[in-house]
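Peer 1: Got a structure for you, questions after.
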Amino acid sequence: MDANPALFLYPLEHSKILHLVICTRAFLFLCSLFMSQDRFPRLYVSIQVRHAQGIHNVAGEKDHDALLSPEYFDAHLSPLGEQQAGNLRKQIHASGQLERIDLVITSPLCRALQTAIQVFGSEGQINGSKEANIDNSGISSLKCPPIVASELCRERLGVHPCDKRRTISENRSRFPTIDFSLIESDEDILWKTDARETDEEIAARGLKFMNWLWTRPEKEIAIVTHHRFLQHTLNALGNDCHPSVKNKVCKKFENCELRSMIIVDKE
């Protein structure tokens, strides 16, 4: 497998094949047919979710300087954010989308961890988390995908306390059903008090993350991440797209918005 594939990202609705079918399940069946005949490049389905609204989002909309306050260290979800996560959970259960997801990868920041558990977690995972407070009424106890935390998809590093994570030992206690084994350092050694990650550095980290995704055996992966990470990663991946497609791919994610895209190895 190529360790550094030439990757494209496309929104599902912009796939030529998808214009001919109605649902994702049919699309994946057609793709597997084409791949078996060497008529279609290898691909993965990537489901991207920006975390639900955090308390720092509320404060930052009123005063951007509030993001410098230690009060918002590793910010948790707001009451509206909890409601957003619960609504998205019901949506993906009702659509059957959850059954197709093989893996969930989340940023290790609290608001993303909460969103991952509350949207994609099983009832047992939610009940086992000390950070979940949502209504599960009307939702069946389906088998849910494993959730793994990765430093590569966290928010822009540095300066803002809301973007500094807790120790992994504390997160394991707070979120016992999430796998933190990919994170080597207990302390947050990536976040600096006096240096903010540049746009170029975020994009480079995002491309490293996408290339790592390509090495995963799973075919349909959900990613719970952040506004700036999505913005700069998708902008970098969209450079080879038609402008209309790039505009669609790079449009700002709202809190708890889900988009499905295809990762294609154009080689």
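Within each chain, counting starts at residue 1; across the structure tokens, chains are named A, B, ... in the order shown, with ligands numbered 1 upward in that order.
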Env of segment 97-106 of chain A: 7 Å cut, atoms = only C-alpha atoms, seq-sep filter 2 positions within chain, self excluded. Answer as a list in words.

Peer 2: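 Returned residues: Ile92, His93, Ser95, Pro108, Ala112, Leu113, Ala116, Pro145, Pro146, Ile147, Val148, Ala149, Ser150, Glu218, Lys219, Glu220, Ile221, Ala222, Ile223, Val224 and Thr225 of chain A.
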
Peer 1: Need to verify the contact set: segment 157-170 of chain A, 6 Å, only C-alpha atoms, exclusion of same-chain residues closer than 5 positions in sequence. Can you return it as number ranges by chain?

Peer 2: A: 67-68, 70, 72-75, 109, 186-187, 191-197

Peer 1: Counting only C-alpha atoms, which of A:Phe209, A:Phe253, A:Phe229, A:Phe175 gets nearest to Gly121 of chain A?

Peer 2: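 Of A:Phe209, A:Phe253, A:Phe229, A:Phe175, the one nearest Gly121 of chain A is A:Phe175, counting only C-alpha atoms.
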
Peer 1: Just how far from atom CA of Ile55 of chain A is atom CA of Ser78 of chain A, in Å to one decimal?

Peer 2: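 Interatomic distance here is 4.8 Å.
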
Peer 1: Which of these residues is nearest to Leu207 of chain A, using only C-alpha atoms: A:His76, A:Lys252, A:His232, A:His226?

Peer 2: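 Using only C-alpha atoms, Leu207 of chain A sits closest to A:His232.
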
Peer 1: If I take atom CA of Arg172 of chain A and atom CA of Arg154 of chain A, how far is one from the other in Å, to one decimal?

Peer 2: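 Going from atom CA of Arg172 of chain A over to atom CA of Arg154 of chain A, I get 17.0 Å.
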
Peer 1: I'd like the contact shell of Ile202 of chain A - 10 Å cut-off, only C-alpha atoms, skipping same-chain residues fewer than 2 positions apart - returned as number ranges by chain.

Peer 2: A: 152-157, 197-200, 204-208, 228-233, 236

Peer 1: Store the residues picked out above, limited to C-alpha atoms, as a PDB file, in the first residue's frame.

Peer 2:
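Contents of the output file again.pdb:
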```
ATOM      1  CA  LEU A 152      -3.423  14.746  14.639  1.00  0.00           C
ATOM      2  CA  CYS A 153      -7.002  16.011  14.286  1.00  0.00           C
ATOM      3  CA  ARG A 154      -7.151  18.405  17.228  1.00  0.00           C
ATOM      4  CA  GLU A 155      -7.767  22.152  16.971  1.00  0.00           C
ATOM      5  CA  ARG A 156      -5.127  24.797  16.215  1.00  0.00           C
ATOM      6  CA  LEU A 157      -2.402  24.499  18.842  1.00  0.00           C
ATOM      7  CA  GLU A 197       0.098  27.116  15.149  1.00  0.00           C
ATOM      8  CA  THR A 198       0.193  28.709  11.670  1.00  0.00           C
ATOM      9  CA  ASP A 199      -2.265  27.977   8.856  1.00  0.00           C
ATOM     10  CA  GLU A 200       0.476  26.140   6.974  1.00  0.00           C
ATOM     11  CA  ALA A 204       0.530  19.976   6.982  1.00  0.00           C
ATOM     12  CA  ARG A 205      -0.773  18.197  10.077  1.00  0.00           C
ATOM     13  CA  GLY A 206      -4.115  17.665   8.359  1.00  0.00           C
ATOM     14  CA  LEU A 207      -2.478  16.088   5.313  1.00  0.00           C
ATOM     15  CA  LYS A 208      -0.432  13.850   7.599  1.00  0.00           C
ATOM     16  CA  ARG A 228      -9.820  25.383  11.906  1.00  0.00           C
ATOM     17  CA  PHE A 229      -8.520  21.863  11.407  1.00  0.00           C
ATOM     18  CA  LEU A 230     -11.273  21.129   8.881  1.00  0.00           C
ATOM     19  CA  GLN A 231     -10.886  24.497   7.176  1.00  0.00           C
ATOM     20  CA  HIS A 232      -7.165  24.223   6.466  1.00  0.00           C
ATOM     21  CA  THR A 233      -7.062  20.480   5.783  1.00  0.00           C
ATOM     22  CA  ALA A 236      -5.253  21.919   1.049  1.00  0.00           C
TER      23      ALA A 236
END
```
